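Q: Next comes target20.txt, compact mmCIF, C-alpha atoms and all ligand atoms:
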# COMPACT_ATOMS: atom_id res chain seq x y z
CA MET V 1 -101.38 92.36 125.23
CA LEU V 2 -98.22 92.02 123.15
CA VAL V 3 -95.17 91.90 125.41
CA ILE V 4 -91.71 92.23 123.92
CA ASP V 5 -88.89 91.54 126.36
CA ARG V 6 -85.21 92.34 125.72
CA LEU V 7 -85.58 91.54 122.03
CA SER V 8 -82.51 91.72 119.79
CA ARG V 9 -81.70 90.75 116.23
CA ARG V 10 -78.24 90.88 114.75
CA PHE V 11 -77.21 90.41 111.12
CA GLY V 12 -73.49 89.58 111.28
CA ASN V 13 -71.93 92.40 113.29
CA LYS V 14 -74.89 94.71 112.72
CA THR V 15 -77.48 95.03 115.49
CA ALA V 16 -80.75 95.80 113.65
CA VAL V 17 -82.83 95.63 116.86
CA GLY V 18 -81.08 95.85 120.22
CA ASP V 19 -82.53 95.05 123.63
CA VAL V 20 -86.06 96.31 122.93
CA SER V 21 -88.69 95.89 125.65
CA LEU V 22 -92.26 97.08 125.02
CA SER V 23 -95.85 96.29 125.93
CA ILE V 24 -98.57 97.08 123.41
CA GLU V 25 -102.11 97.37 124.78
CA PRO V 26 -104.99 95.81 122.82
CA GLY V 27 -106.71 98.37 120.58
CA ALA V 28 -103.75 100.77 120.41
CA PHE V 29 -102.68 102.58 117.23
CA VAL V 30 -98.91 102.71 117.60
CA GLY V 31 -96.53 104.48 115.23
CA VAL V 32 -92.95 103.26 114.99
CA ILE V 33 -90.80 106.13 113.81
CA GLY V 34 -87.17 106.79 113.04
CA ARG V 35 -84.82 107.29 110.16
CA SER V 36 -83.98 104.74 107.50
CA GLY V 37 -82.03 101.82 109.00
CA ALA V 38 -83.27 102.47 112.57
CA GLY V 39 -84.66 98.93 112.84
CA LYS V 40 -88.40 99.59 112.32
CA SER V 41 -88.98 96.91 109.66
CA THR V 42 -86.91 94.36 111.54
CA LEU V 43 -89.00 94.97 114.68
CA LEU V 44 -92.26 94.31 112.77
CA ARG V 45 -90.76 91.28 111.03
CA LEU V 46 -89.65 89.89 114.38
CA ILE V 47 -93.19 90.29 115.74
CA ASN V 48 -94.77 88.21 112.98
CA ARG V 49 -91.76 85.88 112.86
CA LEU V 50 -90.60 86.64 109.32
CA VAL V 51 -87.31 87.09 111.17
CA ASP V 52 -86.20 85.09 114.22
CA PRO V 53 -84.81 86.85 117.29
CA SER V 54 -81.15 86.55 118.28
CA GLU V 55 -82.21 87.09 121.90
CA GLY V 56 -85.29 87.97 123.89
CA THR V 57 -88.95 86.97 123.78
CA ILE V 58 -92.27 88.03 122.27
CA GLY V 59 -95.42 87.07 124.15
CA PHE V 60 -99.09 87.50 123.25
CA GLY V 61 -101.57 86.52 125.97
CA ASP V 62 -100.42 83.08 127.05
CA ARG V 63 -98.57 82.41 123.77
CA GLU V 64 -94.78 82.47 123.66
CA VAL V 65 -94.64 83.77 120.07
CA SER V 66 -90.86 83.66 119.74
CA SER V 67 -90.74 79.86 120.10
CA LEU V 68 -93.76 78.91 117.95
CA LYS V 69 -93.35 76.40 115.12
CA GLY V 70 -95.59 74.61 112.59
CA ALA V 71 -99.35 74.97 113.19
CA GLY V 72 -98.78 77.29 116.16
CA LEU V 73 -96.71 79.65 114.02
CA ARG V 74 -99.31 79.58 111.20
CA ALA V 75 -102.04 80.42 113.73
CA TRP V 76 -99.94 83.33 115.01
CA ARG V 77 -99.40 84.67 111.48
CA ALA V 78 -103.17 84.52 110.97
CA ASP V 79 -103.65 86.59 114.14
CA CYS V 80 -100.94 89.01 113.10
CA ALA V 81 -101.64 90.37 109.59
CA MET V 82 -99.02 92.41 107.77
CA ILE V 83 -99.15 94.95 104.96
CA PHE V 84 -96.13 96.26 103.05
CA GLN V 85 -94.96 99.33 101.17
CA GLN V 86 -95.21 97.42 97.86
CA PHE V 87 -98.72 96.02 98.61
CA ASN V 88 -97.73 92.39 97.79
CA LEU V 89 -100.90 91.59 95.82
CA VAL V 90 -101.03 88.95 93.08
CA GLY V 91 -101.22 91.31 90.12
CA ARG V 92 -102.71 88.92 87.57
CA LEU V 93 -105.59 87.92 89.88
CA ASP V 94 -108.72 89.98 90.38
CA VAL V 95 -109.17 92.14 93.45
CA LEU V 96 -111.82 89.91 95.08
CA THR V 97 -109.59 86.81 94.80
CA ASN V 98 -106.72 88.75 96.34
CA VAL V 99 -108.92 89.66 99.30
CA LEU V 100 -110.16 86.05 99.59
CA MET V 101 -106.51 85.01 100.09
CA GLY V 102 -106.91 86.56 103.54
CA ARG V 103 -109.47 83.79 104.28
CA LEU V 104 -107.01 80.98 103.44
CA ASN V 105 -106.53 80.14 107.10
CA LYS V 106 -110.32 79.68 107.45
CA VAL V 107 -110.87 77.16 104.61
CA SER V 108 -109.46 73.76 103.68
CA THR V 109 -106.54 73.75 101.21
CA PRO V 110 -108.38 71.79 98.44
CA ARG V 111 -111.26 74.28 98.45
CA SER V 112 -108.92 77.26 98.19
CA VAL V 113 -106.81 75.61 95.46
CA LEU V 114 -109.95 74.94 93.43
CA ASN V 115 -111.09 78.51 94.08
CA LEU V 116 -114.22 77.12 95.76
CA TRP V 117 -114.90 80.01 98.06
CA SER V 118 -118.16 79.88 99.97
CA LYS V 119 -120.86 82.48 99.49
CA ASP V 120 -120.13 83.68 103.02
CA ASP V 121 -116.42 84.16 102.32
CA ARG V 122 -117.22 86.07 99.12
CA ALA V 123 -119.69 88.28 101.02
CA ILE V 124 -117.11 88.98 103.74
CA ALA V 125 -114.46 89.88 101.14
CA LEU V 126 -116.84 92.14 99.22
CA ALA V 127 -117.97 93.87 102.42
CA ALA V 128 -114.32 94.57 103.29
CA LEU V 129 -113.76 96.14 99.87
CA GLU V 130 -116.92 98.20 100.26
CA ALA V 131 -115.76 99.37 103.69
CA PHE V 132 -112.86 101.05 101.92
CA ASP V 133 -114.96 102.34 98.96
CA ILE V 134 -113.49 99.97 96.38
CA GLY V 135 -116.28 97.37 96.07
CA ASN V 136 -116.71 98.49 92.44
CA LEU V 137 -113.17 97.25 91.66
CA ALA V 138 -113.79 93.65 92.83
CA HIS V 139 -113.49 92.11 89.35
CA GLN V 140 -110.56 94.13 88.03
CA ARG V 141 -107.03 92.75 87.87
CA ALA V 142 -105.09 93.91 90.91
CA ASP V 143 -102.23 95.26 88.77
CA SER V 144 -104.61 97.63 86.96
CA LEU V 145 -105.26 99.61 90.17
CA SER V 146 -103.51 102.74 91.44
CA GLY V 147 -101.12 102.43 94.39
CA GLY V 148 -103.66 103.83 96.85
CA GLN V 149 -106.33 101.42 95.61
CA GLN V 150 -103.90 98.48 95.82
CA GLN V 151 -102.98 99.34 99.38
CA ARG V 152 -106.68 99.45 100.31
CA VAL V 153 -107.08 95.97 98.76
CA ALA V 154 -104.14 94.82 100.91
CA ILE V 155 -105.83 96.30 103.99
CA ALA V 156 -109.12 94.57 103.06
CA ARG V 157 -107.21 91.27 102.66
CA ALA V 158 -105.67 91.76 106.10
CA LEU V 159 -109.06 92.61 107.62
CA VAL V 160 -110.85 89.44 106.35
CA GLN V 161 -108.10 87.45 108.05
CA GLU V 162 -109.77 88.70 111.28
CA PRO V 163 -106.39 89.42 112.89
CA LYS V 164 -105.81 90.66 116.42
CA ILE V 165 -102.92 92.84 115.28
CA LEU V 166 -102.18 94.55 111.97
CA LEU V 167 -98.53 95.34 111.25
CA ALA V 168 -98.06 97.98 108.56
CA ASP V 169 -94.51 98.39 107.24
CA GLU V 170 -94.21 101.88 105.66
CA PRO V 171 -97.68 101.48 104.08
CA ILE V 172 -97.73 104.92 102.48
CA ALA V 173 -94.10 105.24 101.37
CA SER V 174 -95.01 104.79 97.67
CA LEU V 175 -98.10 107.01 97.67
CA ASP V 176 -98.94 110.63 96.81
CA PRO V 177 -100.42 112.92 99.51
CA ARG V 178 -104.06 112.26 98.54
CA ASN V 179 -103.64 108.49 98.63
CA THR V 180 -101.56 108.75 101.79
CA LYS V 181 -104.56 110.28 103.56
CA ILE V 182 -106.98 107.70 102.13
CA VAL V 183 -104.77 104.80 103.26
CA MET V 184 -104.05 106.26 106.71
CA ASP V 185 -107.81 106.87 107.16
CA ALA V 186 -108.42 103.22 106.21
CA LEU V 187 -105.90 102.07 108.85
CA GLN V 188 -107.58 104.34 111.37
CA ARG V 189 -110.92 102.64 110.63
CA VAL V 190 -109.33 99.20 111.04
CA ASN V 191 -108.20 100.36 114.46
CA LYS V 192 -111.14 102.41 115.73
CA GLU V 193 -114.12 100.63 114.11
CA PHE V 194 -112.86 97.06 114.01
CA GLY V 195 -110.88 97.32 117.26
CA ILE V 196 -107.71 95.81 115.79
CA THR V 197 -104.38 96.83 117.30
CA VAL V 198 -102.28 98.60 114.63
CA LEU V 199 -98.48 98.94 114.63
CA CYS V 200 -97.42 101.14 111.77
CA ASN V 201 -93.89 102.09 110.65
CA LEU V 202 -93.82 105.64 109.37
CA HIS V 203 -91.08 107.93 108.19
CA SER V 204 -93.17 111.11 108.57
CA LEU V 205 -93.38 112.41 112.09
CA ASP V 206 -96.32 114.67 111.23
CA LEU V 207 -98.38 111.73 109.99
CA ALA V 208 -97.43 109.65 113.01
CA ARG V 209 -98.51 112.47 115.31
CA ALA V 210 -101.79 112.93 113.44
CA TYR V 211 -102.89 109.28 113.48
CA CYS V 212 -101.17 107.39 116.29
CA ASP V 213 -102.08 107.29 119.99
CA ARG V 214 -98.54 106.34 120.89
CA LEU V 215 -95.19 106.79 119.19
CA ILE V 216 -92.19 104.54 119.57
CA GLY V 217 -89.03 106.23 118.32
CA MET V 218 -86.14 104.01 117.24
CA SER V 219 -82.54 104.92 116.59
CA ALA V 220 -79.78 102.41 115.76
CA GLY V 221 -82.02 99.51 116.81
CA ARG V 222 -82.96 100.92 120.19
CA VAL V 223 -86.10 102.57 121.53
CA VAL V 224 -85.19 106.18 122.34
CA PHE V 225 -88.73 107.55 122.72
CA ASP V 226 -92.01 106.03 123.87
CA GLY V 227 -94.91 108.38 124.43
CA ARG V 228 -97.63 110.54 122.95
CA GLY V 229 -97.02 112.64 119.86
CA PHE V 230 -97.20 115.98 121.65
CA ASP V 231 -94.54 114.83 124.15
CA LEU V 232 -92.02 114.39 121.36
CA THR V 233 -89.85 117.46 121.55
CA GLU V 234 -87.68 118.97 118.87
CA ASP V 235 -84.59 117.64 120.67
CA VAL V 236 -85.92 114.07 120.51
CA ALA V 237 -86.86 114.56 116.84
CA ARG V 238 -83.30 115.60 116.14
CA GLU V 239 -81.97 112.56 117.98
CA LEU V 240 -84.28 110.36 115.92
CA TYR V 241 -83.79 111.92 112.53
CA GLY V 242 -80.54 113.90 112.78
CA LEU V 243 -80.29 116.41 109.98
CA GLU V 244 -83.30 114.82 108.28
CA ALA V 245 -85.50 116.19 111.09
CA GLY V 246 -86.53 119.20 109.01
CA GLU V 247 -87.99 116.94 106.33
CA VAL V 248 -90.24 115.00 108.65
CA MET V 249 -91.62 117.86 110.75
CA ASP V 250 -93.92 120.73 109.82
CA ASP V 251 -92.61 124.18 108.83
CA HIS V 252 -92.67 125.58 112.34
CA HIS V 253 -90.69 122.68 113.80
CA ALA V 254 -88.49 122.38 110.77
CA ALA V 255 -86.90 125.80 111.12
CA ALA V 256 -84.28 124.86 113.71
CA PRO V 257 -83.06 121.59 112.20
CA LYS V 258 -82.83 123.22 108.75
CA ALA V 259 -80.76 126.03 110.25
CA LEU V 260 -78.57 123.40 111.87
CA ALA V 261 -78.19 121.60 108.58
CA HIS V 262 -76.75 124.76 107.04
CA ALA V 263 -74.54 125.59 110.03
N1 LIG V 301 -81.71 90.61 106.13
C1 LIG V 301 -80.78 91.49 106.50
N2 LIG V 301 -79.47 91.22 106.33
C2 LIG V 301 -78.51 92.09 106.73
N3 LIG V 301 -78.79 93.30 107.30
C3 LIG V 301 -80.07 93.62 107.49
C4 LIG V 301 -81.14 92.74 107.11
N4 LIG V 301 -82.32 93.34 107.43
C5 LIG V 301 -82.02 94.53 107.98
N5 LIG V 301 -80.67 94.70 108.02
C6 LIG V 301 -79.96 95.88 108.54
O1 LIG V 301 -80.49 96.18 109.82
C7 LIG V 301 -80.65 97.59 109.99
C8 LIG V 301 -82.10 97.93 110.26
O2 LIG V 301 -82.85 97.71 109.07
P1 LIG V 301 -84.43 97.95 109.00
O3 LIG V 301 -84.85 97.61 107.60
O4 LIG V 301 -85.08 97.21 110.11
O5 LIG V 301 -84.54 99.51 109.27
P2 LIG V 301 -85.76 100.50 109.00
O6 LIG V 301 -85.80 101.44 110.13
O7 LIG V 301 -86.99 99.71 108.73
O8 LIG V 301 -85.29 101.24 107.68
P3 LIG V 301 -86.13 101.61 106.35
O9 LIG V 301 -87.04 102.72 106.76
O10 LIG V 301 -85.08 102.04 105.38
O11 LIG V 301 -86.83 100.34 105.93
C9 LIG V 301 -80.12 98.23 108.71
O12 LIG V 301 -78.77 98.60 108.91
C10 LIG V 301 -80.20 97.11 107.69
O13 LIG V 301 -79.23 97.26 106.69
Write the structure described by the file as structure tokens, please.
Ligand SMILES: Nc1ncnc2c1ncn2[C@@H]1O[C@H](COP(=O)(O)OP(=O)(O)OP(=O)(O)O)[C@@H](O)[C@H]1O

A:
Amino acid sequence: MLVIDRLSRRFGNKTAVGDVSLSIEPGAFVGVIGRSGAGKSTLLRLINRLVDPSEGTIGFGDREVSSLKGAGLRAWRADCAMIFQQFNLVGRLDVLTNVLMGRLNKVSTPRSVLNLWSKDDRAIALAALEAFDIGNLAHQRADSLSGGQQQRVAIARALVQEPKILLADEPIASLDPRNTKIVMDALQRVNKEFGITVLCNLHSLDLARAYCDRLIGMSAGRVVFDGRGFDLTEDVARELYGLEAGEVMDDHHAAAPKALAHA
């Protein structure tokens, strides 16, 4: 269980995350929603320690994540994979090598530097690509792939890391609707078939409702909703998204906020 207790992060005078307390059950698929600037990315970055907290703690089992350093911090980052809106692949390397990067924490540095991956590691990486229907792309340069294909490579790289948690920071923000579905389905498989806890930042409320078991709504750094998708009322959506609410909800729900926007 991931336990976040009174977590805050300030940048100068700006509170990006303020006094957030949450427990995330193992195996959950959690959507973090809210408008731009609500603090969603900072929350994920705090969890995998790309950003340090100003106050509060993050615990995972018996580990006090917020105070880890050195080898302990590297071990945590291995347990806590992250994927990004811009995929973060090494474009000039082939797809298989990009996925093998996810195994770096499992092999000695000299072997990885010399690209001496074991047969087993290669088989694991290829199987991960095949799980997301892109095994045929293993030997192509990563930068020759479409956005949806690149994001599936990033998910495969995260999977071979054998993490306990996958953090996905707006993973579909650069994708068209078809690739959005393919990538969200891939994340769903990571969660349901591989049993990995997924925390996913999403702008679209409809997508969050469709894929996530639990939604955490953030506004100005604070959690203002925590519950199931169908419990999220139009009033809460308006609190979360303001006049943007119409853009993130389906036509039926959108009617009122759009009317408000024109009032
Ligand atoms: N490194 C930083 N330095 C200064 N301010 C920052 C930094 N990172 C985030 N912030 C500020 O903290 C607030 C929350 O940002 P954050 O990126 O977490 O929001 P978000 O909900 O993920 O938004 P988006 O969907 O646009 O990524 C914003 O006002 C942002 O400008």

Q: Determine, for each residue of segment 3-114 of chain V having at least one atom at most 6 Å from an atom of segment 200-211 of chain V, the closest pair of atoms and their separation in Å to one decimal, counting all atoms listed in the file; order by chain and ascending number, as a Markdown table.

A:
| residue | atom | partner | partner_atom | distance |
| --- | --- | --- | --- | --- |
| V:Gly31 | CA | V:Cys200 | CA | 4.9 |
| V:Val32 | CA | V:Asn201 | CA | 4.6 |
| V:Ile33 | CA | V:Leu202 | CA | 5.4 |

Q: Using the selection just defined, write its residues with C-alpha atoms as a CSV table (one decimal), in the coordinates of the input.

A:
chain,number,residue,atom,x,y,z
V,31,GLY,CA,-96.5,104.5,115.2
V,32,VAL,CA,-93.0,103.3,115.0
V,33,ILE,CA,-90.8,106.1,113.8

Q: Rank nothing, just name the residue among V:Arg238, V:Lys164, V:Arg152, V:Lys181 nearest to Asn48 of chain V, using all atoms listed in the file.

A: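 Smallest separation from Asn48 of chain V among the options: V:Lys164.
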
Q: Would you kindly return, as a list in words, each protein, DNA or RNA residue with an atom no farther than 9 Å from any atom of segment 117-126 of chain V, considering only C-alpha atoms and excluding same-chain residues fewer than 5 positions away?

A: Leu96, Thr97, Val99, Leu100, Gly102, Arg103, Val107, Arg111, Ser112, Ala131, Ile134, Gly135, Ala138, Ala156, Arg157, Leu159 and Val160 of chain V

Q: Dump C-alpha atoms for the selected residues as a PDB file, in the coordinates of the input?

A:
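Output (part.pdb):
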ATOM      1  CA  LEU V  96    -111.820  89.910  95.080  1.00  0.00           C
ATOM      2  CA  THR V  97    -109.590  86.810  94.800  1.00  0.00           C
ATOM      3  CA  VAL V  99    -108.920  89.660  99.300  1.00  0.00           C
ATOM      4  CA  LEU V 100    -110.160  86.050  99.590  1.00  0.00           C
ATOM      5  CA  GLY V 102    -106.910  86.560 103.540  1.00  0.00           C
ATOM      6  CA  ARG V 103    -109.470  83.790 104.280  1.00  0.00           C
ATOM      7  CA  VAL V 107    -110.870  77.160 104.610  1.00  0.00           C
ATOM      8  CA  ARG V 111    -111.260  74.280  98.450  1.00  0.00           C
ATOM      9  CA  SER V 112    -108.920  77.260  98.190  1.00  0.00           C
ATOM     10  CA  ALA V 131    -115.760  99.370 103.690  1.00  0.00           C
ATOM     11  CA  ILE V 134    -113.490  99.970  96.380  1.00  0.00           C
ATOM     12  CA  GLY V 135    -116.280  97.370  96.070  1.00  0.00           C
ATOM     13  CA  ALA V 138    -113.790  93.650  92.830  1.00  0.00           C
ATOM     14  CA  ALA V 156    -109.120  94.570 103.060  1.00  0.00           C
ATOM     15  CA  ARG V 157    -107.210  91.270 102.660  1.00  0.00           C
ATOM     16  CA  LEU V 159    -109.060  92.610 107.620  1.00  0.00           C
ATOM     17  CA  VAL V 160    -110.850  89.440 106.350  1.00  0.00           C
TER      18      VAL V 160
END

Q: Within 9 Å of Asp79 of chain V, counting only C-alpha atoms, which residues show up once you throw out same-chain ones fewer than 5 positions away? Write them as a list in words, please.

A: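 Within the cut-off, the hits are Arg74, Gln161, Glu162, Pro163, Lys164, Ile165 and Leu166 of chain V.
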
Q: Here's a test: counting only C-alpha atoms, identify every protein, DNA and RNA residue with an atom at most 12 Å from (-114.2, 97.9, 90.7) in the file's coordinate frame, and state them as a list in words.

A: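 The answer, in the requested form, is Asp94, Val95, Leu96, Leu126, Leu129, Glu130, Phe132, Asp133, Ile134, Gly135, Asn136, Leu137, Ala138, His139, Gln140, Arg141, Ala142, Ser144, Leu145, Ser146, Gln149, Gln150 and Val153 of chain V.
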
Q: Would you output that residue set with C-alpha atoms, as a compact mmCIF listing (two decimals), in the frame of the given file?

A:
# COMPACT_ATOMS: atom_id res chain seq x y z
CA ASP V 94 -108.72 89.98 90.38
CA VAL V 95 -109.17 92.14 93.45
CA LEU V 96 -111.82 89.91 95.08
CA LEU V 126 -116.84 92.14 99.22
CA LEU V 129 -113.76 96.14 99.87
CA GLU V 130 -116.92 98.20 100.26
CA PHE V 132 -112.86 101.05 101.92
CA ASP V 133 -114.96 102.34 98.96
CA ILE V 134 -113.49 99.97 96.38
CA GLY V 135 -116.28 97.37 96.07
CA ASN V 136 -116.71 98.49 92.44
CA LEU V 137 -113.17 97.25 91.66
CA ALA V 138 -113.79 93.65 92.83
CA HIS V 139 -113.49 92.11 89.35
CA GLN V 140 -110.56 94.13 88.03
CA ARG V 141 -107.03 92.75 87.87
CA ALA V 142 -105.09 93.91 90.91
CA SER V 144 -104.61 97.63 86.96
CA LEU V 145 -105.26 99.61 90.17
CA SER V 146 -103.51 102.74 91.44
CA GLN V 149 -106.33 101.42 95.61
CA GLN V 150 -103.90 98.48 95.82
CA VAL V 153 -107.08 95.97 98.76

Q: Within 9 Å of ligand LIG 301 (chain V) (counting all atoms listed in the file), which residues show up? I'd like them as a ChimeraX atom specification.

A: /V:9-12,14-17,32-45,51,169-170,201-203,218-221
